[in-house]
Every structure is written in C-alpha cells, then in structure tokens.
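Notes to accompany the following structure.
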There are 2 protein chains.
Amino acid sequence: MSTTSTGSRGPYARSTERRRSIARAVLDTVLEEGHERVTTAGTARRAGTSEATALYHYPTKEHLLVAALELSDEETALRPFTSDPAMGLDDLRAFVDTTAERTHIMRLHTALLGRATSPDHPAQEFLSRHNREAVAHFARVVRHRQRAGTAHPGLDAVGVARQFLATWDGLQAQWLLDPSFDFGDHLVQAFRRLTGQNWMEGRAVLLDPSVGM
Amino acid sequence: MSTTSTGSRGPYARSTERRRSIARAVLDTVLEEGHERVTTAGTARRAGTSEATALYHYPTKEHLLVAALELSDEETALRPFTSDPAMGLDDLRAFVDTTAERTHIMRLHTALLGRATSPDHPAQEFLSRHNREAVAHFARVVRHRQRAGTAHPGLDAVGVARQFLATWDGLQAQWLLDPSFDFGDHLVQAFRRLTGQNWMEGRAVLLDPSVGM
DNA sequence: CTCAAAACTGAGTGAGGATGAGTTTTCGCA
DNA sequence: TGCGAAAACTCATCCTCACTCAGTTTTGAG
C-alpha cells in the first residue's frame with residue numbers, strides 16, 4: 001500500500017495488455033472447445049507468447065481459467081444486473097436465454113464452483129465476490145418488489161436472494177447434466193415461488209397450473 | 001443379454017471383491033485427505049494391488065471417484081431417504097447435520113457435479129440417477145404433506161422437489177466455498193418456502209422472523 | 001482336463017503443468 | 001540522459017500422473 005518503503009514499483013505499462021491478451025486466448029479456447037481443452041502451452045501459442053510468460057502472469061492454470069471467466073463476465077454478464085432493481089421477470093428470462101446459448105461459459109462456471117471448494121483455490125475470491133454482488137442485487141430487486149406489492153412483505157430479502165442464487169447454480173448444474181427441461185422456465189418459476197409473488201392473490205391463482213406447476 | 005451367442009463369460013467371482021476393495025481404498029483416501037489427493041498409484045497401493053489392475057477394473061481415475069461416491073452413498077446416505085415419505089423437517093435436519101460432518105464427501109459430490117457437464121463424463125449416469133431418485137423421494141414427501149395439510153395443495157410436487165434439490169446442491173456449493181451460514185437452517189428454510197408450508201396460517205406467521213427470515 | 005475369457009502385472013509413454021537460472025526490457029530518479 | 005533495480009520474458013528441463021501395451025497367470029464352464 002506504500003510507494004516508498006517497499007522496493008516494489010508495481011506492474012509496467014505493457015503488463016495489463018499482456019494479461020488481457022492471455023485471458024482473451026483462454027476465453028476464446030473455452031468458447032470454441034470448452035474449458036477442458038485449455039492448456040498452458042496452447043494458450044501461450046494463441047496469445048503469441050511463451051508458456052513461461054503466461055505462467056508468469058497467471059501463476060497457475062486455474063488462474064488462467066478464472067481470468068477467462070472474469071473477462072467473460074466483464075464483457076457481457078453484469079450489465080443487466082448491477083443496475084436495475086426494477087428488473088422484471090422478463091429481464092431475467094432474457095438474461096438467462098442469453099447465457100444459455102453460451103453453454104461453455106456455464107460449464108466453466110459450474111466446474112470452477114465445483115473445484116473452488118478446495119482450500120486455497122484461486123477461484124474462491126472471484127466466486128465469493130460474484131455471489132456477494134449477485135445476492136446484493138437480487139436483495140434489492142426483492143425489496144423493490146416488496147414495495148411494489150409483487151413480493152411478500154414478510155420476507156428477508158437477503159435470505160431469499162441467497163437462496164435464489166443457490167437454486168440458480170443448482171439448476172444450472174442439473175440442466176448441464178441433462179438438458180431435458182427449460183432452464184429459463186424453472187428459474188423464473190423459482191423466483192416466483194421464493195418471493196411468494198402470489199401472497200395476495202389467493203388460492204385460485206396458486207391452483208393455476210401455469211403458476212403452480 | 002444372452003449367455004450363448006457372445007463369447008463373454010462375465011466377471012469371475014473374485015472380481016466384485018476386488019472392485020470393492022479398490023473403491024474402499026479411494027473412499028478412505030477421500031475421507032482422510034480429500035478427493036484431490038486421490039491418485040491411481042496411491043489407490044492401488046492402498047488396495048494391495050497394482051496400478052494397472054485398478055485401471056483394469058475402473059478404466060479411468062474419474063471412474064474411481066464415482067465408485068467412491070457410490071460406495072459412500074450405499075453405506076450411509078440413502079437410508080432415511082428411500083423409505084419414509086412422512087419425513088419431517090427434523091429428519092431432514094438430522095440428515096444434513098450428518099453429512100455436514102463429512103465435508104470431504106460433500107466436496108467430492110460437488111466437484112463431480114461440476115465436472116460431469118463434460119460430454120461423456122463417467123459421473124453423469126450416477127448423478128442423474130441419484131437426482132432422479134431424490135426428486136422422486138421428495139415429490140412423495142411433498143404429496144404426503146399436501147394430504148396432511150402442511151404443504152400447499154396447489155403445488156406440482158415434482159417441480160417443487162426438483163427445485164428443492166437444485167437449491168440443495170447450490171447451497172452446498174456456496175457453503176463449501178464460504179461456510180459463513182448454517183447449512184441446515186437454510187435448507188430447512190428452503191423446504192418451507194418451497195412447499196408453502198404456511199399457506200393456511202395467514203400473514204401473521206409469515207411475518208414471524210423465525211419463519212420468514 | 002481343456003481352453004478361452006478374465007484377471008493381473010511390470011515396464012513404459014506422453015501429456016502437460018510447473019520451475020529455475022538466467023537475459024532483456026522498462027522506467028523512476030538523480 | 002543515462003544508471004540501476006524491478007519487472008517482463010525466455011529456454012531448457014523437470015516431474016508428477018494418468019493411462020497403455022504386450023505379455024503371463026488364474027479362473028471356471030463344458
């Protein structure tokens with residue numbers, strides 16, 4: 001945190017650029033062939049450097065994969081999330097449909113989630129942060145809806161949000177394992193159930209198959 | 001399916017025994033040191049065979065891990081599940097607390113779930129079956145509760161069950177990533193919310209923090 | 001007893017992630 | 001503007017492991 005006492009000068013100018021091109025190379029391979037086909041050597045070749053350089057910037061293969069996921073998020077994912085608490089279920093639908101096309105990214109995410117449970121896995125920090133932010137966002141959404149009367153007022157927004165995201169991850173894994181159901185449907189459905197959207201609408205609506213099923 | 005036309009004689013007597021002792025060896029290593037420390041060589045040594053033999057019975061390291069998970073399930077997990085549709089939330093609690101002690105098994109499960117999304121991963125079949133059975137079980141539980149009046153009668157039991165299991169997997173992953181919340185609490189909570197347990201109890205109960213939080 | 005299939009083995013192979021000891025480049029500072 | 005220390009980069013090499021191959025031994029049905 002100081003510029004004086006440590007002899008550290010921090011990264012040079014071209015460093016960020018390099019890191020970016022390496023991350024790019026990984027992400028491209030992931031998108032084209034899936035994360036399991038990423039190799040350190042291949043990445044380096046694709047990025048136009050040596051393997052050792054890639055590993056200089058990202059000390060481990062897992063770091064490379066995390067970097068790819070981060071880059072992917074940065075480019076597409078977060079837009080509709082970070083901002084709008086007035087998000088409707090249509091927006092959620094739209095977003096899910098977007099990502100569902102990019103199966104390889106979903107697979108990478110799920111895979112990293114599976115590995116990050118090991119003690120000092122490089123994905124831990126990223127995934128925790130990612131989850132924290134998502135929880136915060138959806139908590140805001142829930143509160144917004146509580147005010148608007150489309151979510152049950154007695155719910156703990158954060159608790160519901162966390163649970164919703166857990167469901168998201170779980171459903172995603174199950175869908176990747178066996179895509180025999182509509183991911184978007186189930187997710188929107190999950191959101192409805194968790195927010196008790198129908199708390200005021202009475203039994204008739206709850207018996208409606210299009211909602212209750 | 002025939003004993004005549006194919007020249008196959010099927011496995012010999014000692015084969016099952018061998019397979020079992022190999023699976024045992026893997027499971028023990030998992031329990032003691034975690035799945036990431038399983039190696040084919042180490043497993044063979046522990047099981048008292050050669051590495052090549054282990055790989056004769058289980059063609060791949062991943063097969064070994066699946067075998068370990070299967071064995072673990074067989075020994076403990078399924079008991080309270082397969083049978084009792086009258087399962088109460090206490091039973092669920094108890095079961096979760098049991099498994100939570102065995103973090104390494106949870107980690108193996110989550111890790112395999114993460115990897116099984118690759119095309120022909122050996123864990124696919126096992127996990128699909130596992131999930132199918134669990135869904136069936138919890139669907140039964142939900143229906144039982146609907147009859148008993150402790151679950152909302154308008155719900156699609158199978159849909160709810162699937163969603164609950166997704167939540168389970170997701171929460172488990174999140175908890176392994178960062179065990180800063182009580183897994184059992186959240187899970188029981190999730191079950192309550194999903195089954196609309198309070199559908200008849202009115203708003204007062206829903207506002208109760210011990211339920212709604 | 002026979003013989004084919006199953007079970008087992010030892011010795012290897014190769015992919016691929018990492019490392020270490022250097023050389024070259026950058027850039028704050030005098 | 002050039003010095004020097006840190007950062008960036010490279011080459012060769014290492015090493016761990018999953019997996020394979022070319023056999024040998026064991027099993028058990030007929």
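Following the order of the structure tokens, first chain is A, next is B, and so on, with residues numbered from 1 inside each chain and ligands from 1 in the order they appear.
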
Chain B contacts on chain C, only C-alpha atoms (C1' of nucleotides), 9 Å, as a ChimeraX atom specification: /C:4-9

DSSP alpha helix (DSSP H) residues within range 110-167 of chain B, listed as a ChimeraX atom specification: /B:110-115,123-148,157-167

Selected residues, C-alpha atoms, written as an mmCIF file, in the first residue's frame, please.
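Now in selection_24.cif:
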```
data_model
loop_
_atom_site.group_PDB
_atom_site.id
_atom_site.type_symbol
_atom_site.label_atom_id
_atom_site.label_comp_id
_atom_site.auth_asym_id
_atom_site.auth_seq_id
_atom_site.Cartn_x
_atom_site.Cartn_y
_atom_site.Cartn_z
ATOM 1 C CA THR B 110 -19.877 -31.007 -5.716
ATOM 2 C CA ALA B 111 -16.673 -31.476 -7.674
ATOM 3 C CA LEU B 112 -18.114 -34.339 -9.679
ATOM 4 C CA LEU B 113 -21.269 -32.363 -10.336
ATOM 5 C CA GLY B 114 -19.026 -29.654 -11.718
ATOM 6 C CA ARG B 115 -17.113 -31.989 -13.997
ATOM 7 C CA ALA B 123 -20.312 -39.445 -13.258
ATOM 8 C CA GLN B 124 -23.225 -38.462 -15.465
ATOM 9 C CA GLU B 125 -25.124 -41.672 -15.124
ATOM 10 C CA PHE B 126 -24.667 -41.872 -11.390
ATOM 11 C CA LEU B 127 -25.586 -38.271 -10.734
ATOM 12 C CA SER B 128 -28.617 -38.379 -12.982
ATOM 13 C CA ARG B 129 -29.900 -41.472 -11.284
ATOM 14 C CA HIS B 130 -29.116 -40.054 -7.879
ATOM 15 C CA ASN B 131 -31.033 -36.927 -8.726
ATOM 16 C CA ARG B 132 -33.955 -38.787 -10.249
ATOM 17 C CA GLU B 133 -34.323 -40.886 -7.135
ATOM 18 C CA ALA B 134 -34.027 -37.931 -4.829
ATOM 19 C CA VAL B 135 -36.597 -35.992 -6.834
ATOM 20 C CA ALA B 136 -38.951 -38.946 -6.683
ATOM 21 C CA HIS B 137 -38.476 -39.217 -2.944
ATOM 22 C CA PHE B 138 -39.075 -35.578 -2.199
ATOM 23 C CA ALA B 139 -42.023 -35.487 -4.544
ATOM 24 C CA ARG B 140 -43.516 -38.229 -2.412
ATOM 25 C CA VAL B 141 -42.764 -36.225 0.697
ATOM 26 C CA VAL B 142 -44.446 -33.172 -0.762
ATOM 27 C CA ARG B 143 -47.537 -35.121 -1.743
ATOM 28 C CA HIS B 144 -47.685 -36.648 1.703
ATOM 29 C CA ARG B 145 -47.573 -33.204 3.208
ATOM 30 C CA GLN B 146 -50.188 -31.934 0.848
ATOM 31 C CA ARG B 147 -52.508 -34.634 2.116
ATOM 32 C CA ALA B 148 -51.588 -33.788 5.686
ATOM 33 C CA ALA B 157 -44.837 -31.974 -6.308
ATOM 34 C CA VAL B 158 -42.212 -32.992 -8.833
ATOM 35 C CA GLY B 159 -41.421 -29.410 -9.805
ATOM 36 C CA VAL B 160 -41.014 -28.410 -6.206
ATOM 37 C CA ALA B 161 -38.854 -31.427 -5.487
ATOM 38 C CA ARG B 162 -36.552 -30.726 -8.399
ATOM 39 C CA GLN B 163 -36.207 -27.136 -7.353
ATOM 40 C CA PHE B 164 -35.521 -28.100 -3.783
ATOM 41 C CA LEU B 165 -32.703 -30.391 -4.837
ATOM 42 C CA ALA B 166 -31.217 -27.742 -7.039
ATOM 43 C CA THR B 167 -31.254 -25.429 -4.056
#
```

Selection: 12 Å around Leu89 in chain B, only C-alpha atoms (C1' of nucleotides), excl. self and same-chain fewer than 5 positions, as a VMD selection string: chain B and resid 94 to 96 138 141 to 142 145 150 184 to 192 195 197

With only C-alpha atoms (C1' of nucleotides) counted and 9 Å as the cut-off, give the residues of chain B in contact with chain D, each with its shortest interatomic distance in Å and the pair that gives it, as JSON lines.
```
{"residue": "B:Arg9", "atom": "CA", "partner": "D:DA29", "partner_atom": "C1'", "distance": 8.7}
{"residue": "B:Tyr12", "atom": "CA", "partner": "D:DT27", "partner_atom": "C1'", "distance": 7.0}
{"residue": "B:Ala13", "atom": "CA", "partner": "D:DT27", "partner_atom": "C1'", "distance": 8.6}
{"residue": "B:Thr39", "atom": "CA", "partner": "D:DC17", "partner_atom": "C1'", "distance": 7.6}
{"residue": "B:Thr40", "atom": "CA", "partner": "D:DA18", "partner_atom": "C1'", "distance": 7.4}
{"residue": "B:Ala41", "atom": "CA", "partner": "D:DC17", "partner_atom": "C1'", "distance": 8.4}
{"residue": "B:Ala52", "atom": "CA", "partner": "D:DC19", "partner_atom": "C1'", "distance": 8.8}
{"residue": "B:Leu55", "atom": "CA", "partner": "D:DC19", "partner_atom": "C1'", "distance": 8.2}
{"residue": "B:Pro59", "atom": "CA", "partner": "D:DC19", "partner_atom": "C1'", "distance": 8.8}
{"residue": "B:Thr60", "atom": "CA", "partner": "D:DA18", "partner_atom": "C1'", "distance": 8.0}
{"residue": "B:Lys61", "atom": "CA", "partner": "D:DA18", "partner_atom": "C1'", "distance": 7.4}
```

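Note that CA of Pro179 in chain A and CA of Gly196 in chain B are 27.1 Å apart.
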
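Closest approach to chain B from the set A:Asp182, A:Asp90, A:Glu17, A:Glu36 is made by A:Glu36, with distances taken over only C-alpha atoms.
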